[in-house]
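Have a look at the structure below before the remarks.
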Amino acid sequence: MQTIVDFLNGLVWSSPLVYGLLAVGLYFSLRMRFFQIRHFKEMIRLMFQGEKSPVGISSFQALAISLSGRVGTGNIVGVATAIFIGGPGAIFWMWLIAFLGAGSAFVESTLAQIYKQNEDNQYRGGPAYYIEKGLGGKLGKIYAGTFALVTILATGFLLPGIQSNSIAGSMTNSFPLPHWVIGAALVILVGLVIFGGVRSIARVASAVVPFMALIYVLVAIIVVIMNIQDVPALLGLIFRSAFGMEQQFGGIVGAMIAIGVQRGIYSNEAGQGTGPHAAGAAEVSHPAKQGLVQAFSVYVDTLFVCTATALMILMTGMYNVSDGEDGLIVDSGVHQVSPDGEENYGGTVAYTQAGLDRAFSGQETFDVDFVGFGSYFISFALLFFCYTTILAYYYIAETNLVYLTHGRWPIAKILLGVLLIASVFYGTISSAGLAWDMGDLGVGLMAWLNVIAILILQKPAIAALKDFERQKKEKGSGKFAVYSPDPSEVKEADFWHHDYPKRLEDEKEYNMDFKNIDR
């Protein structure tokens, strides 16, 4: 299995995808005149704008679902892996892909809003929907169906195991529990929520994710303050390493860029095609509004949470760096014991746990048997982050299943839930290496299909941003922007051509009748 997965990953995560994702993000940023800087204030305002309907969720709930998918093990274990393979400089490339990736996130999320539709009395949107409607014809259906199948495989089977594996790894570092016990508990916790639908997932995500992310970042800030004198040198190390100017890491620059982009994409999911599913479920008056909100979620994920992890690891020196072969450039002795008893010195949750143990408990050298504040805190942080990510994965897989079946086979949802739960349990008892490699394969396949699609279909999303900016200027606030596309230019956007105008007309008539009654 490992050999097959390694071979496929070598094909999927080749240089064209790594550098192509950077190039696409740069292209969209230039095309939209670095909107991620110009509209930063608007992103924050729109995030808390409370538009909602019986079939849609609010922008904040959509952001919470999206963040629950973005903020997970990639923010803790993924950062540790990036440092292990690429050294400190890999963090710079994670930052860069987040900044540029905001452009890809805007385009894919705006397209999801433009081409969303009402299925099962709730909004559904995402790459499968905008690929079919945007491309049209037989090609559009085949392409969309391929993406839907790959996404069900990735989010329903390949990716959940990474999250549960990280939960099990951190918990066994802190508590004397067998891996299968943790797996059984997760099966129960996940099953209780996923069969409640998108609103159930939205309620859990909007309650858990913002709170846990805030606490996590605050702990990181405390660590930075405790080591404030080391900040300039650390930032210098990151930037020098990123461009091969740090002799110690000069021989791994290629691996540094590749792993930085790869882990950055896995963490913030910009361009991967997962974020648009939550974006398409939101109730907004203009697609660009949700595009801006989802672009901001990339910042939250990488620039805030991933940076918090990187600082906690690098400032405390609790990490190892591979030389690309079987040796280590940096060896701090930090390791984690896998289910089969093997010592894993690669990038694991042990890096962050050991870093916090050193910062708060004064544990200067790594001791696999020592359990302090860091071990407990990271265990619970990962539990919450990864748990909500698993819930988001189910929602994404379910959306693509509904796209393929049009809701005709209700039992298919139950079978999907069982498959995902089985993957969760298997992840807790499998090796970390295989779990991550399978997840990378799923992410890479989705990214290839989605990036090509948004490059082809970008025109309506770019036009939507320009329309939003025009209305914002004319009306004095983006809050009052309403999307009304020309049917000859944006075809198949049935919600905006028919459903939304009808709702506005009904609301207008209702308000007039209410005023007459009041008189």
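By order in the structure tokens, chains are A, B, ...; within a chain, residues start at 1; ligands start at 1, following the order shown.
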
Per-residue nearest contacts of range 367-458 of chain A to range 12-22 of chain A (12 Å; only C-alpha atoms) as JSON lines:
```
{"residue": "A:Asp437", "atom": "CA", "partner": "A:Trp13", "partner_atom": "CA", "distance": 10.9}
{"residue": "A:Met438", "atom": "CA", "partner": "A:Val12", "partner_atom": "CA", "distance": 11.7}
{"residue": "A:Gly439", "atom": "CA", "partner": "A:Trp13", "partner_atom": "CA", "distance": 11.9}
{"residue": "A:Asp440", "atom": "CA", "partner": "A:Trp13", "partner_atom": "CA", "distance": 8.3}
{"residue": "A:Leu441", "atom": "CA", "partner": "A:Val12", "partner_atom": "CA", "distance": 7.0}
{"residue": "A:Gly442", "atom": "CA", "partner": "A:Val12", "partner_atom": "CA", "distance": 9.4}
{"residue": "A:Val443", "atom": "CA", "partner": "A:Val12", "partner_atom": "CA", "distance": 9.4}
{"residue": "A:Gly444", "atom": "CA", "partner": "A:Val12", "partner_atom": "CA", "distance": 5.8}
{"residue": "A:Leu445", "atom": "CA", "partner": "A:Val12", "partner_atom": "CA", "distance": 6.6}
{"residue": "A:Met446", "atom": "CA", "partner": "A:Val12", "partner_atom": "CA", "distance": 10.0}
{"residue": "A:Ala447", "atom": "CA", "partner": "A:Leu17", "partner_atom": "CA", "distance": 8.2}
{"residue": "A:Trp448", "atom": "CA", "partner": "A:Leu17", "partner_atom": "CA", "distance": 7.0}
{"residue": "A:Leu449", "atom": "CA", "partner": "A:Leu17", "partner_atom": "CA", "distance": 10.7}
{"residue": "A:Asn450", "atom": "CA", "partner": "A:Leu21", "partner_atom": "CA", "distance": 10.8}
{"residue": "A:Val451", "atom": "CA", "partner": "A:Leu21", "partner_atom": "CA", "distance": 7.7}
{"residue": "A:Ile452", "atom": "CA", "partner": "A:Gly20", "partner_atom": "CA", "distance": 10.0}
{"residue": "A:Ile454", "atom": "CA", "partner": "A:Leu21", "partner_atom": "CA", "distance": 11.7}
{"residue": "A:Leu455", "atom": "CA", "partner": "A:Leu21", "partner_atom": "CA", "distance": 11.1}
```

Item to complete: Would you please extract all alpha helix (DSSP H) residues from range 14-167 of chain A, as assigned by DSSP on the backbone, and give them as a PyMOL selection string?
Response: chain A and resi 15-31+35-38+40-47+59-70+77-86+90-114+127-135+137-153+160-167

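Note that the spacing between CA of Leu419 in chain A and CA of Ile182 in chain A amounts to 17.8 Å.
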
Fill in: Of the listed residues A:Ile259, A:Ile252, A:Ile37, A:Ala168, that which approaches Leu292 in chain A most closely, counting only C-alpha atoms
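Under the stated criterion, the closest residue is A:Ile37.
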
Discussion item. Please determine, counting only C-alpha atoms, which residue among A:Pro287, A:Asn173, A:Gly478, A:Pro88 has the shortest atom-to-atom distance to Asp367 in chain A.
Written reply: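 The closest residue to Asp367 in chain A is A:Asn173.
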
Discussion item. I'd like to know which residues of range 179-348 of chain A are strand (DSSP E) (by DSSP, run on the backbone); could you write them as a list in words?
Written reply: Val321, Ser322, Leu328, Ile329, Val330, Gln336, Val337, Glu343 and Asn344 of chain A

Residues from the last selection, C-alpha atoms, saved as a PDB file, in the first residue's frame:
```pdb
ATOM      1  CA  VAL A 321      15.321  18.692  10.307  1.00  0.00           C
ATOM      2  CA  SER A 322      15.963  15.936   7.777  1.00  0.00           C
ATOM      3  CA  LEU A 328      19.309  14.785  10.421  1.00  0.00           C
ATOM      4  CA  ILE A 329      20.663  18.317   9.944  1.00  0.00           C
ATOM      5  CA  VAL A 330      19.109  19.328  13.257  1.00  0.00           C
ATOM      6  CA  GLN A 336       6.814  10.080  18.984  1.00  0.00           C
ATOM      7  CA  VAL A 337       6.212   6.372  19.523  1.00  0.00           C
ATOM      8  CA  GLU A 343      10.267   5.854  17.309  1.00  0.00           C
ATOM      9  CA  ASN A 344       9.286   8.500  14.750  1.00  0.00           C
TER      10      ASN A 344
END
```

Can you pull out every residue within 9 Å of range 137-154 of chain A, counting only C-alpha atoms, but drop anything in the same chain fewer than 5 positions away, and send it as a PDB file with C-alpha atoms, in the first residue's frame?
```
ATOM      1  CA  PRO A 127     -16.682  22.792  -7.854  1.00  0.00           C
ATOM      2  CA  ALA A 128     -18.919  20.018  -9.201  1.00  0.00           C
ATOM      3  CA  TYR A 129     -21.788  22.497  -9.581  1.00  0.00           C
ATOM      4  CA  TYR A 130     -19.804  25.348 -11.126  1.00  0.00           C
ATOM      5  CA  ILE A 131     -17.845  23.017 -13.404  1.00  0.00           C
ATOM      6  CA  GLU A 132     -21.024  21.486 -14.878  1.00  0.00           C
ATOM      7  CA  LEU A 159      -8.414  12.672   4.603  1.00  0.00           C
ATOM      8  CA  PRO A 160     -10.378  11.814   7.795  1.00  0.00           C
ATOM      9  CA  GLY A 273     -11.852  22.966  -3.903  1.00  0.00           C
ATOM     10  CA  THR A 274     -13.018  22.217  -0.356  1.00  0.00           C
ATOM     11  CA  TYR A 393     -15.101  16.584   5.460  1.00  0.00           C
ATOM     12  CA  TYR A 394     -18.390  14.728   5.795  1.00  0.00           C
ATOM     13  CA  ILE A 396     -18.114  18.185   1.608  1.00  0.00           C
ATOM     14  CA  ALA A 397     -18.378  14.500   0.706  1.00  0.00           C
ATOM     15  CA  GLU A 398     -22.167  14.596   1.240  1.00  0.00           C
ATOM     16  CA  THR A 399     -22.544  17.643  -1.024  1.00  0.00           C
ATOM     17  CA  ASN A 400     -20.789  15.830  -3.858  1.00  0.00           C
ATOM     18  CA  LEU A 401     -22.847  12.708  -3.214  1.00  0.00           C
ATOM     19  CA  TYR A 403     -24.702  16.267  -6.703  1.00  0.00           C
ATOM     20  CA  LEU A 404     -24.254  12.786  -8.196  1.00  0.00           C
ATOM     21  CA  LEU A 416     -21.047   7.518   3.191  1.00  0.00           C
ATOM     22  CA  MET A 438      -2.964   9.033   1.527  1.00  0.00           C
ATOM     23  CA  GLY A 439      -4.261  12.467   2.519  1.00  0.00           C
ATOM     24  CA  LEU A 441      -2.867  12.081  -2.618  1.00  0.00           C
ATOM     25  CA  GLY A 442      -6.474  13.137  -2.083  1.00  0.00           C
ATOM     26  CA  VAL A 443      -5.576  16.826  -1.735  1.00  0.00           C
ATOM     27  CA  LEU A 445      -6.018  15.122  -7.043  1.00  0.00           C
ATOM     28  CA  MET A 446      -8.646  17.650  -5.975  1.00  0.00           C
ATOM     29  CA  LEU A 449      -8.993  19.262 -11.086  1.00  0.00           C
ATOM     30  CA  ASN A 450     -10.148  22.439  -9.331  1.00  0.00           C
ATOM     31  CA  ALA A 453     -11.469  24.562 -13.639  1.00  0.00           C
TER      32      ALA A 453
END
```

Item to complete: Rank A:Leu46, A:Ile194, A:Ala102, A:Ala282 by their smallest atom-to-atom distance to Leu26 in chain A, using only C-alpha atoms, and report the top residue only.
Response: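 For Leu26 in chain A, the nearest of the given residues is A:Ala102.
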
Discussion item. Taking only C-alpha atoms into account, name the residue in A:Ala354, A:Met32, A:Val253, A:Ile44 that is nearest to Gly86 in chain A.
Written reply: A:Val253

Discussion item. Give me, as a PyMOL selection string, all polymer residues having an atom no more than 8 Å from range 300-305 of chain A, counting only C-alpha atoms and skipping those fewer than 4 positions away in the same chain.
Written reply: chain A and resi 67+70-71+75+94-95+98+213+216-217+264+267-268+296+309

File of the preceding selection, N, CA and C atoms, as a PDB file, in the first residue's frame:
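That gives us again.pdb:
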```
ATOM      1  N   LEU A  67     -13.595  27.134   8.008  1.00  0.00           N
ATOM      2  CA  LEU A  67     -12.435  27.112   8.905  1.00  0.00           C
ATOM      3  C   LEU A  67     -12.297  25.769   9.600  1.00  0.00           C
ATOM      4  N   ARG A  70     -10.429  23.908   7.226  1.00  0.00           N
ATOM      5  CA  ARG A  70      -9.068  24.416   7.030  1.00  0.00           C
ATOM      6  C   ARG A  70      -8.210  24.233   8.288  1.00  0.00           C
ATOM      7  N   VAL A  71      -8.775  24.585   9.444  1.00  0.00           N
ATOM      8  CA  VAL A  71      -7.999  24.537  10.695  1.00  0.00           C
ATOM      9  C   VAL A  71      -8.106  23.136  11.288  1.00  0.00           C
ATOM     10  N   ASN A  75      -2.480  22.465  10.690  1.00  0.00           N
ATOM     11  CA  ASN A  75      -1.975  23.641  11.395  1.00  0.00           C
ATOM     12  C   ASN A  75      -1.003  23.295  12.502  1.00  0.00           C
ATOM     13  N   MET A  94       4.869  28.703   3.215  1.00  0.00           N
ATOM     14  CA  MET A  94       3.490  28.541   3.673  1.00  0.00           C
ATOM     15  C   MET A  94       2.806  29.908   3.743  1.00  0.00           C
ATOM     16  N   TRP A  95       3.538  30.915   4.216  1.00  0.00           N
ATOM     17  CA  TRP A  95       2.981  32.276   4.254  1.00  0.00           C
ATOM     18  C   TRP A  95       2.660  32.768   2.849  1.00  0.00           C
ATOM     19  N   ALA A  98      -0.342  31.247   1.281  1.00  0.00           N
ATOM     20  CA  ALA A  98      -1.565  31.746   1.921  1.00  0.00           C
ATOM     21  C   ALA A  98      -1.942  33.114   1.358  1.00  0.00           C
ATOM     22  N   ALA A 213      -9.506  28.412  18.245  1.00  0.00           N
ATOM     23  CA  ALA A 213      -8.461  29.102  17.481  1.00  0.00           C
ATOM     24  C   ALA A 213      -7.942  30.304  18.257  1.00  0.00           C
ATOM     25  N   TYR A 216      -5.761  29.133  21.138  1.00  0.00           N
ATOM     26  CA  TYR A 216      -4.498  28.610  20.604  1.00  0.00           C
ATOM     27  C   TYR A 216      -3.537  29.743  20.252  1.00  0.00           C
ATOM     28  N   VAL A 217      -4.057  30.768  19.571  1.00  0.00           N
ATOM     29  CA  VAL A 217      -3.223  31.908  19.181  1.00  0.00           C
ATOM     30  C   VAL A 217      -2.751  32.678  20.414  1.00  0.00           C
ATOM     31  N   GLY A 264       1.177  24.070   2.998  1.00  0.00           N
ATOM     32  CA  GLY A 264       0.357  25.274   3.004  1.00  0.00           C
ATOM     33  C   GLY A 264      -0.993  25.030   2.358  1.00  0.00           C
ATOM     34  N   SER A 267      -3.102  22.827   4.520  1.00  0.00           N
ATOM     35  CA  SER A 267      -3.619  23.536   5.683  1.00  0.00           C
ATOM     36  C   SER A 267      -4.719  24.525   5.309  1.00  0.00           C
ATOM     37  N   ASN A 268      -4.424  25.468   4.364  1.00  0.00           N
ATOM     38  CA  ASN A 268      -5.415  26.515   4.096  1.00  0.00           C
ATOM     39  C   ASN A 268      -6.396  26.150   2.980  1.00  0.00           C
ATOM     40  N   PHE A 296     -10.550  35.629   3.499  1.00  0.00           N
ATOM     41  CA  PHE A 296     -10.048  35.962   4.836  1.00  0.00           C
ATOM     42  C   PHE A 296      -9.774  34.706   5.649  1.00  0.00           C
ATOM     43  N   THR A 309       1.817  27.980  15.538  1.00  0.00           N
ATOM     44  CA  THR A 309       2.483  26.690  15.726  1.00  0.00           C
ATOM     45  C   THR A 309       3.977  26.809  15.428  1.00  0.00           C
TER      46      THR A 309
END
```

Discussion item. From the options A:Thr172, A:Asn9, A:Ser338, A:Ser488, which residue's atoms come nearest to Tyr376 in chain A, counting only C-alpha atoms?
Written reply: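 Distance minimum relative to Tyr376 in chain A lands on A:Thr172.
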
Worksheet entry | Spatial neighbours of Trp496 in chain A, max dist 7 Å, only C-alpha atoms, sep filter under 4 positions, as a list of chain:residue names |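 Contacts, with the query itself left out: A:Ser484, A:Tyr500, A:Pro501.
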
Worksheet, complete the sentence: What separates CA of Val190 in chain A and CA of Glu119 in chain A is a distance of 23.7 Å

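Shortest atom-to-atom contact with Arg45 in chain A among A:Lys472, A:Lys479, A:Arg33, A:Arg408: A:Lys479, counting only C-alpha atoms.
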
Practice prompt. Report the distance between CA of Ser174 in chain A and CA of Thr73 in chain A in Å, rounded to one decimal place.
Written response: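 Going from CA of Ser174 in chain A over to CA of Thr73 in chain A covers 16.8 Å.
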